[in-house]
>>> print(open('protein-v4.txt').read())   # compact mmCIF, C-alpha atoms and all ligand atoms
# COMPACT_ATOMS: atom_id res chain seq x y z
CA MET A 191 204.96 -176.48 61.59
CA ARG A 192 208.70 -176.37 61.11
CA VAL A 193 210.96 -174.86 58.49
CA GLY A 194 213.17 -177.50 56.87
CA VAL A 195 216.83 -176.67 56.31
CA PHE A 196 218.77 -179.06 54.13
CA ASP A 197 222.46 -179.61 53.47
CA SER A 198 224.58 -182.54 52.34
CA GLY A 199 226.22 -182.30 55.75
CA LEU A 200 226.98 -179.73 58.39
CA GLY A 201 227.65 -176.65 56.21
CA GLY A 202 224.00 -175.60 56.24
CA LEU A 203 224.22 -175.02 60.00
CA THR A 204 225.57 -171.60 59.02
CA VAL A 205 222.29 -170.77 57.26
CA LEU A 206 220.25 -172.36 60.05
CA ASN A 207 221.92 -170.07 62.59
CA LYS A 208 221.20 -166.97 60.50
CA ALA A 209 217.58 -168.10 60.17
CA LEU A 210 217.34 -168.69 63.93
CA ASP A 211 218.55 -165.11 64.46
CA ILE A 212 216.08 -163.43 62.12
CA LEU A 213 213.10 -165.74 62.69
CA PRO A 214 213.07 -166.16 66.49
CA ASP A 215 209.53 -167.56 66.63
CA GLU A 216 210.16 -170.39 64.15
CA HIS A 217 211.01 -174.03 64.81
CA PHE A 218 213.34 -175.86 62.43
CA LEU A 219 214.16 -179.33 61.14
CA TYR A 220 217.78 -179.59 59.99
CA PHE A 221 218.43 -182.44 57.55
CA ALA A 222 222.07 -183.41 56.91
CA ASP A 223 222.55 -186.07 54.24
CA VAL A 224 225.62 -187.49 55.96
CA ASP A 225 225.32 -190.84 54.14
CA HIS A 226 226.07 -189.13 50.83
CA VAL A 227 228.30 -186.17 51.68
CA PRO A 228 230.29 -184.83 49.81
CA TYR A 229 227.87 -183.95 47.03
CA GLY A 230 230.54 -181.99 45.15
CA GLU A 231 231.97 -185.23 43.80
CA LYS A 232 228.67 -186.92 42.85
CA THR A 233 226.84 -186.72 39.52
CA ARG A 234 224.00 -184.25 39.05
CA GLU A 235 221.54 -187.15 38.72
CA GLN A 236 222.67 -188.64 42.04
CA ILE A 237 222.38 -185.29 43.80
CA VAL A 238 218.86 -184.71 42.49
CA GLU A 239 217.85 -188.16 43.74
CA PHE A 240 219.36 -187.59 47.22
CA VAL A 241 217.92 -184.13 47.70
CA ASP A 242 214.51 -185.24 46.41
CA GLY A 243 214.50 -187.97 49.08
CA ALA A 244 215.42 -185.42 51.75
CA VAL A 245 212.75 -182.92 50.70
CA ASP A 246 210.18 -185.71 50.56
CA TYR A 247 211.11 -186.59 54.17
CA MET A 248 210.80 -182.97 55.31
CA VAL A 249 207.45 -182.52 53.55
CA ASN A 250 206.15 -185.71 55.21
CA GLU A 251 207.30 -184.32 58.56
CA GLY A 252 205.05 -181.33 57.87
CA CYS A 253 207.63 -178.68 57.01
CA LYS A 254 205.97 -175.50 55.70
CA ALA A 255 208.98 -174.10 53.83
CA ILE A 256 212.35 -175.51 52.82
CA VAL A 257 215.78 -173.98 52.53
CA ILE A 258 218.31 -175.81 50.40
CA ALA A 259 221.32 -174.59 52.39
CA CYS A 260 223.70 -176.27 49.98
CA ASN A 261 224.97 -174.42 46.89
CA THR A 262 225.76 -177.73 45.20
CA ALA A 263 222.26 -179.15 45.67
CA THR A 264 220.73 -175.85 44.54
CA SER A 265 222.89 -175.92 41.44
CA ALA A 266 221.93 -179.50 40.60
CA GLY A 267 218.33 -179.72 41.70
CA VAL A 268 216.43 -176.63 42.82
CA ASP A 269 214.51 -176.26 39.54
CA PHE A 270 213.37 -179.89 39.74
CA LEU A 271 212.37 -179.47 43.39
CA ARG A 272 210.39 -176.28 42.79
CA GLU A 273 208.44 -177.99 40.05
CA LYS A 274 207.75 -181.17 42.04
CA TYR A 275 207.00 -179.51 45.40
CA ASP A 276 205.21 -176.46 44.02
CA PHE A 277 202.91 -176.23 47.06
CA LEU A 278 205.55 -174.79 49.42
CA PRO A 279 208.35 -172.20 49.21
CA ILE A 280 211.77 -173.66 48.39
CA ILE A 281 214.67 -171.28 48.90
CA GLY A 282 218.00 -172.30 47.38
CA ILE A 283 221.30 -170.77 48.43
CA GLU A 284 223.55 -169.54 45.62
CA PRO A 285 227.03 -168.00 45.63
CA ALA A 286 226.72 -164.28 46.50
CA VAL A 287 227.98 -163.12 43.08
CA LYS A 288 225.46 -160.29 42.75
CA PRO A 289 226.39 -158.36 45.94
CA ALA A 290 230.06 -159.16 45.36
CA VAL A 291 230.10 -157.53 41.91
CA LEU A 292 227.66 -154.71 42.63
CA HIS A 293 228.72 -153.68 46.14
CA PHE A 294 231.89 -155.27 47.48
CA SER A 295 234.51 -155.53 44.73
CA GLY A 296 235.83 -151.98 45.32
CA GLY A 297 237.21 -151.76 41.77
CA LYS A 298 239.11 -155.04 42.15
CA ARG A 299 238.41 -158.60 41.04
CA VAL A 300 235.98 -161.09 42.62
CA LEU A 301 237.01 -164.65 43.48
CA VAL A 302 234.29 -167.29 43.89
CA VAL A 303 235.25 -170.55 45.61
CA ALA A 304 232.81 -173.48 45.56
CA THR A 305 232.59 -177.24 45.01
CA PRO A 306 233.48 -178.71 41.59
CA ILE A 307 229.79 -179.33 40.76
CA THR A 308 228.80 -175.74 41.58
CA VAL A 309 231.73 -174.26 39.64
CA LYS A 310 230.98 -176.34 36.54
CA GLY A 311 227.20 -175.83 36.80
CA GLU A 312 225.04 -173.86 34.38
CA LYS A 313 223.41 -171.98 37.26
CA LEU A 314 226.66 -170.30 38.37
CA LYS A 315 227.62 -169.59 34.76
CA ARG A 316 224.28 -167.85 34.21
CA LEU A 317 224.57 -165.92 37.47
CA ILE A 318 228.03 -164.67 36.49
CA GLU A 319 226.89 -163.78 32.95
CA THR A 320 224.04 -161.74 34.44
CA TYR A 321 226.13 -159.60 36.79
CA ASP A 322 229.74 -159.77 35.62
CA LYS A 323 229.53 -157.22 32.81
CA ASP A 324 233.20 -156.17 33.23
CA HIS A 325 234.56 -159.76 33.47
CA ILE A 326 236.01 -159.37 36.93
CA VAL A 327 234.85 -162.72 38.37
CA ASP A 328 237.13 -165.76 38.67
CA THR A 329 236.01 -169.15 39.98
CA VAL A 330 237.94 -171.94 41.71
CA ALA A 331 236.75 -175.40 42.73
CA LEU A 332 237.98 -176.47 46.16
CA SER A 333 237.31 -180.16 46.58
CA GLU A 334 238.81 -180.92 50.00
CA LEU A 335 237.22 -178.44 52.41
CA VAL A 336 233.89 -180.26 52.69
CA ASN A 337 235.71 -183.42 53.82
CA TYR A 338 237.82 -181.44 56.31
CA ALA A 339 234.68 -179.83 57.76
CA GLU A 340 232.82 -183.13 58.08
CA LYS A 341 235.84 -184.64 59.87
CA GLY A 342 236.06 -181.63 62.18
CA ILE A 343 239.49 -180.59 60.90
CA PHE A 344 239.78 -176.79 61.08
CA ASP A 345 243.39 -176.40 62.21
CA THR A 346 244.99 -173.50 60.29
CA ASP A 347 248.27 -175.50 60.20
CA ILE A 348 246.48 -177.99 57.91
CA ILE A 349 244.00 -175.76 56.06
CA VAL A 350 246.28 -172.79 55.24
CA PRO A 351 248.84 -174.87 53.25
CA TYR A 352 245.99 -176.54 51.36
CA LEU A 353 244.45 -173.15 50.48
CA HIS A 354 247.84 -171.59 49.63
CA ASP A 355 248.37 -174.33 47.08
CA ALA A 356 244.80 -174.32 45.70
CA LEU A 357 244.77 -170.51 45.34
CA LYS A 358 248.40 -170.02 44.30
CA ASN A 359 247.40 -168.50 40.93
CA PHE A 360 245.31 -165.78 42.55
CA ASN A 361 247.15 -162.78 43.97
CA PRO A 362 245.21 -161.38 46.97
CA ASP A 363 246.21 -157.83 45.94
CA ASP A 364 244.10 -158.19 42.79
CA TYR A 365 240.93 -159.13 44.67
CA GLY A 366 238.40 -157.00 46.55
CA VAL A 367 236.12 -159.80 47.63
CA LEU A 368 236.11 -163.55 48.13
CA VAL A 369 232.73 -165.29 47.76
CA LEU A 370 232.33 -168.49 49.76
CA GLY A 371 230.07 -170.47 47.41
CA CYS A 372 229.75 -173.53 49.61
CA THR A 373 228.20 -173.42 53.06
CA HIS A 374 230.89 -175.71 54.50
CA PHE A 375 233.55 -173.12 53.60
CA ASN A 376 232.14 -170.69 56.18
CA PHE A 377 233.87 -172.72 58.90
CA PHE A 378 237.29 -171.86 57.43
CA LYS A 379 237.09 -168.06 57.42
CA ASP A 380 240.14 -167.82 59.69
CA SER A 381 242.29 -169.74 57.16
CA PHE A 382 240.87 -167.83 54.18
CA LYS A 383 241.78 -164.57 55.94
CA ILE A 384 245.40 -165.73 56.28
CA VAL A 385 245.67 -166.82 52.65
CA MET A 386 243.76 -163.85 51.17
CA PRO A 387 244.75 -160.97 53.51
CA GLY A 388 242.86 -157.72 53.03
CA VAL A 389 240.17 -159.37 50.91
CA GLN A 390 236.59 -159.06 52.14
CA ILE A 391 234.86 -162.41 52.62
CA ILE A 392 231.14 -162.82 51.97
CA ASP A 393 228.72 -165.74 51.72
CA GLY A 394 225.09 -166.32 50.83
CA SER A 395 223.74 -167.27 54.26
CA THR A 396 222.39 -163.83 55.21
CA GLY A 397 220.76 -163.41 51.80
CA SER A 398 219.14 -166.84 51.97
CA ALA A 399 217.81 -166.36 55.50
CA SER A 400 216.40 -162.92 54.58
CA TYR A 401 214.81 -164.31 51.44
CA LEU A 402 213.28 -167.14 53.49
CA LYS A 403 211.68 -164.53 55.75
CA THR A 404 210.37 -162.56 52.75
CA ARG A 405 208.86 -165.65 51.11
CA MET A 406 207.25 -166.78 54.36
CA GLU A 407 205.79 -163.31 54.88
CA GLU A 408 204.40 -163.37 51.33
CA GLU A 409 202.82 -166.78 51.90
CA GLY A 410 201.49 -165.93 55.37
CA LEU A 411 203.58 -168.71 56.90
CA LEU A 412 205.42 -166.82 59.62
CA ALA A 413 205.02 -168.07 63.18
CA THR A 414 204.23 -165.58 65.92
CA LYS A 415 205.08 -165.45 69.62
CA GLU A 416 201.80 -167.32 70.30
CA ASP A 417 203.14 -170.27 68.27
CA ARG A 418 206.12 -170.72 70.60
CA THR A 419 206.04 -174.11 72.28
CA GLU A 420 208.16 -176.11 74.68
CA GLU A 421 209.22 -178.33 71.77
CA GLU A 422 212.85 -178.34 70.73
CA LYS A 423 213.76 -175.33 68.65
CA VAL A 424 215.66 -177.47 66.17
CA ILE A 425 215.28 -181.16 65.38
CA TYR A 426 218.37 -182.64 63.72
CA VAL A 427 218.02 -185.48 61.21
CA GLU A 428 220.85 -187.36 59.50
CA SER A 429 219.82 -189.01 56.20
CA GLY A 430 216.34 -189.71 57.57
CA ARG A 431 217.42 -190.71 61.11
CA PRO A 432 216.60 -188.29 63.94
CA VAL A 433 219.78 -187.48 65.85
CA THR A 434 219.56 -188.44 69.50
CA ASP A 435 223.17 -189.40 70.17
CA LYS A 436 224.67 -186.98 72.71
CA ALA A 437 228.12 -186.95 71.10
CA GLU A 438 226.65 -186.12 67.68
CA LEU A 439 224.50 -183.31 69.12
CA GLU A 440 227.58 -181.94 70.89
CA LYS A 441 229.50 -182.00 67.59
CA ILE A 442 226.71 -179.98 65.95
CA ASP A 443 226.77 -177.57 68.88
CA ARG A 444 230.54 -177.11 68.59
CA LEU A 445 230.21 -176.28 64.89
CA CYS A 446 227.47 -173.72 65.54
CA LYS A 447 229.71 -172.16 68.19
CA ARG A 448 232.68 -172.13 65.83
CA TRP A 449 230.62 -170.38 63.16
CA ARG A 450 229.41 -167.76 65.65
CA GLU A 451 232.98 -167.07 66.75
CA LEU A 452 234.13 -166.62 63.14
CA ASN A 453 231.31 -164.21 62.25
N1 LIG A 501 227.49 -177.38 51.77
C1 LIG A 501 227.48 -177.81 50.39
C2 LIG A 501 227.48 -176.59 49.46
O1 LIG A 501 227.11 -175.51 49.87
C3 LIG A 501 228.61 -178.80 50.22
C4 LIG A 501 228.42 -179.70 49.10
C5 LIG A 501 229.12 -181.05 49.21
O2 LIG A 501 228.61 -181.90 49.92
O3 LIG A 501 230.11 -181.23 48.51
O4 LIG A 501 227.80 -176.68 48.30
>>> encode(input="protein-v4.txt", output="structure tokens")
Amino acid sequence: MRVGVFDSGLGGLTVLNKALDILPDEHFLYFADVDHVPYGEKTREQIVEFVDGAVDYMVNEGCKAIVIACNTATSAGVDFLREKYDFLPIIGIEPAVKPAVLHFSGGKRVLVVATPITVKGEKLKRLIETYDKDHIVDTVALSELVNYAEKGIFDTDIIVPYLHDALKNFNPDDYGVLVLGCTHFNFFKDSFKIVMPGVQIIDGSTGSASYLKTRMEEEGLLATKEDRTEEEKVIYVESGRPVTDKAELEKIDRLCKRWRELN
């Protein structure tokens, strides 16, 4: 049985790769809802409907646990999903506000960047209220990066001016840590480093992959070496269509490589 990893598009590949590292005996199904990306500009109701359809697909394919590797979908729909699919673990990625405030701020401020839906969402507000006792957390919605990532545009000549403008009100000297609260943003770490020099950059992919492992251990769902098969390690699915096109698989491979180089 596979572990399902969901994202609106290709951002969740970052979480998938972490999970592949720490769960070497597992097989995965990666579901990218490319027909509906970007989620950050949809309504909450639309997002819940899309992600419900995706989880339904993964459950029907026999997935034993699901990771919502999309902060926006977690924000809009993880409570609904956990209630509806209460027979399997559902792990939802969230912006890494807790470690940022408790361990990485170094006495400075914390900047959280995410999609408009995540920034406006109750979930992030509650997360910040819980940990930001000294009011050191600022949030910014970045609406263009998901589109750039999906189009394969990572050139710092294009991304750095966009980020400079979007973050012009935030002086890097004031910040100890930048939280990437959208999995797509992980592909732009090189540009973020230029725009926010000296600021530590963290994201929720390690936390989510570790929590997946913990939950699977608790539920006795972990695969062992004996479960290894000749089957593909990862099956890729785009909005319900298994990906077989060579060019598309190469694109996915390039993104995984890019993420590994940046981390
Ligand atoms: N990767 C998704 C996230 O983490 C992007 C959401 C979108 O499609 O806008 O929020």
>>> closest_residue(input="protein-v4.txt", among="A:Met386, A:Leu203, A:Leu213, A:Leu445", to="Glu407 (chain A)", atoms="all atoms listed in the file")
A:Leu213
>>> residues_near_ligand(input="protein-v4.txt", ligand="ligand LIG 501 (chain A)", cutoff="7 Å", atoms="all atoms listed in the file", output="PDB file with C-alpha atoms, in the frame of the given file")
ATOM      1  CA  ASP A 197     222.460-179.610  53.470  1.00  0.00           C
ATOM      2  CA  SER A 198     224.580-182.540  52.340  1.00  0.00           C
ATOM      3  CA  GLY A 199     226.220-182.300  55.750  1.00  0.00           C
ATOM      4  CA  GLY A 201     227.650-176.650  56.210  1.00  0.00           C
ATOM      5  CA  GLY A 202     224.000-175.600  56.240  1.00  0.00           C
ATOM      6  CA  VAL A 227     228.300-186.170  51.680  1.00  0.00           C
ATOM      7  CA  PRO A 228     230.290-184.830  49.810  1.00  0.00           C
ATOM      8  CA  TYR A 229     227.870-183.950  47.030  1.00  0.00           C
ATOM      9  CA  GLY A 230     230.540-181.990  45.150  1.00  0.00           C
ATOM     10  CA  GLU A 231     231.970-185.230  43.800  1.00  0.00           C
ATOM     11  CA  ALA A 259     221.320-174.590  52.390  1.00  0.00           C
ATOM     12  CA  CYS A 260     223.700-176.270  49.980  1.00  0.00           C
ATOM     13  CA  ASN A 261     224.970-174.420  46.890  1.00  0.00           C
ATOM     14  CA  THR A 262     225.760-177.730  45.200  1.00  0.00           C
ATOM     15  CA  ALA A 263     222.260-179.150  45.670  1.00  0.00           C
ATOM     16  CA  ALA A 304     232.810-173.480  45.560  1.00  0.00           C
ATOM     17  CA  THR A 305     232.590-177.240  45.010  1.00  0.00           C
ATOM     18  CA  THR A 308     228.800-175.740  41.580  1.00  0.00           C
ATOM     19  CA  VAL A 336     233.890-180.260  52.690  1.00  0.00           C
ATOM     20  CA  GLY A 371     230.070-170.470  47.410  1.00  0.00           C
ATOM     21  CA  CYS A 372     229.750-173.530  49.610  1.00  0.00           C
ATOM     22  CA  THR A 373     228.200-173.420  53.060  1.00  0.00           C
ATOM     23  CA  HIS A 374     230.890-175.710  54.500  1.00  0.00           C
TER      24      HIS A 374
END
>>> closest_residue(input="protein-v4.txt", among="A:His325, A:Lys383, A:Arg431, A:Arg444", to="Tyr247 (chain A)", atoms="all atoms listed in the file")
A:Arg431
>>> atom_distance(input="protein-v4.txt", atom1="CA of Ser295 (chain A)", atom2="CA of Ser400 (chain A)")
21.9 Å
>>> atom_distance(input="protein-v4.txt", atom1="CA of Ile258 (chain A)", atom2="CA of Gly194 (chain A)")
8.4 Å
>>> residues_around(input="protein-v4.txt", residues="Val330 (chain A)", least_positions_apart="6", cutoff="9 Å", atoms="only C-alpha atoms", output="list in words")
Leu301, Val302, Val303, Ala304, Thr305, Pro306, Val309, Ala356 and Leu357 of chain A
>>> closest_residue(input="protein-v4.txt", among="A:Asn207, A:Ser429, A:Gln390, A:Asn250", to="Ala290 (chain A)", atoms="all atoms listed in the file")
A:Gln390
>>> residues_around(input="protein-v4.txt", residues="Gly397 (chain A)", least_positions_apart="6", cutoff="10 Å", atoms="all atoms listed in the file", output="list of chain:residue names")
A:Val205, A:Lys208, A:Ile283, A:Glu284, A:Pro285, A:Ala286, A:Pro289, A:Lys403
>>> residues_around(input="protein-v4.txt", residues="Leu206 (chain A)", least_positions_apart="4", cutoff="12 Å", atoms="all atoms listed in the file", output="PyMOL selection string")
chain A and resi 193-197+200-202+210-214+216-222+256-260+283+373+395-396+398-400+402+423-426+442+445-446+449-450
>>> atom_distance(input="protein-v4.txt", atom1="CA of Asp276 (chain A)", atom2="CA of Arg405 (chain A)")
13.4 Å
>>> residues_near_point(input="protein-v4.txt", point="(235.9, -168.5, 56.1)", cutoff="10 Å", atoms="all atoms listed in the file", output="MDAnalysis selection string")
chainID A and resid 368:370 373:384 391:393 449 452:453
>>> write_last_selection(input="protein-v4.txt", atoms="C-alpha atoms", output="PDB file, keeping the file's coordinate frame")
ATOM      1  CA  LEU A 368     236.110-163.550  48.130  1.00  0.00           C
ATOM      2  CA  VAL A 369     232.730-165.290  47.760  1.00  0.00           C
ATOM      3  CA  LEU A 370     232.330-168.490  49.760  1.00  0.00           C
ATOM      4  CA  THR A 373     228.200-173.420  53.060  1.00  0.00           C
ATOM      5  CA  HIS A 374     230.890-175.710  54.500  1.00  0.00           C
ATOM      6  CA  PHE A 375     233.550-173.120  53.600  1.00  0.00           C
ATOM      7  CA  ASN A 376     232.140-170.690  56.180  1.00  0.00           C
ATOM      8  CA  PHE A 377     233.870-172.720  58.900  1.00  0.00           C
ATOM      9  CA  PHE A 378     237.290-171.860  57.430  1.00  0.00           C
ATOM     10  CA  LYS A 379     237.090-168.060  57.420  1.00  0.00           C
ATOM     11  CA  ASP A 380     240.140-167.820  59.690  1.00  0.00           C
ATOM     12  CA  SER A 381     242.290-169.740  57.160  1.00  0.00           C
ATOM     13  CA  PHE A 382     240.870-167.830  54.180  1.00  0.00           C
ATOM     14  CA  LYS A 383     241.780-164.570  55.940  1.00  0.00           C
ATOM     15  CA  ILE A 384     245.400-165.730  56.280  1.00  0.00           C
ATOM     16  CA  ILE A 391     234.860-162.410  52.620  1.00  0.00           C
ATOM     17  CA  ILE A 392     231.140-162.820  51.970  1.00  0.00           C
ATOM     18  CA  ASP A 393     228.720-165.740  51.720  1.00  0.00           C
ATOM     19  CA  TRP A 449     230.620-170.380  63.160  1.00  0.00           C
ATOM     20  CA  LEU A 452     234.130-166.620  63.140  1.00  0.00           C
ATOM     21  CA  ASN A 453     231.310-164.210  62.250  1.00  0.00           C
TER      22      ASN A 453
END
>>> residues_around(input="protein-v4.txt", residues="Gln236 (chain A)", least_positions_apart="4", cutoff="10 Å", atoms="all atoms listed in the file", output="MDAnalysis selection string")
chainID A and resid 226 229 232 240:242 266:267
>>> write_last_selection(input="protein-v4.txt", atoms="C-alpha atoms", output="short mmCIF file (atom, residue, chain, number, x, y, z; two decimals), in the coordinates of the input")
data_model
loop_
_atom_site.label_atom_id
_atom_site.label_comp_id
_atom_site.auth_asym_id
_atom_site.auth_seq_id
_atom_site.Cartn_x
_atom_site.Cartn_y
_atom_site.Cartn_z
CA HIS A 226 226.07 -189.13 50.83
CA TYR A 229 227.87 -183.95 47.03
CA LYS A 232 228.67 -186.92 42.85
CA PHE A 240 219.36 -187.59 47.22
CA VAL A 241 217.92 -184.13 47.70
CA ASP A 242 214.51 -185.24 46.41
CA ALA A 266 221.93 -179.50 40.60
CA GLY A 267 218.33 -179.72 41.70
#
>>> closest_residue(input="protein-v4.txt", among="A:Met191, A:Met248, A:Ile237, A:Val367", to="Val427 (chain A)", atoms="only C-alpha atoms")
A:Met248
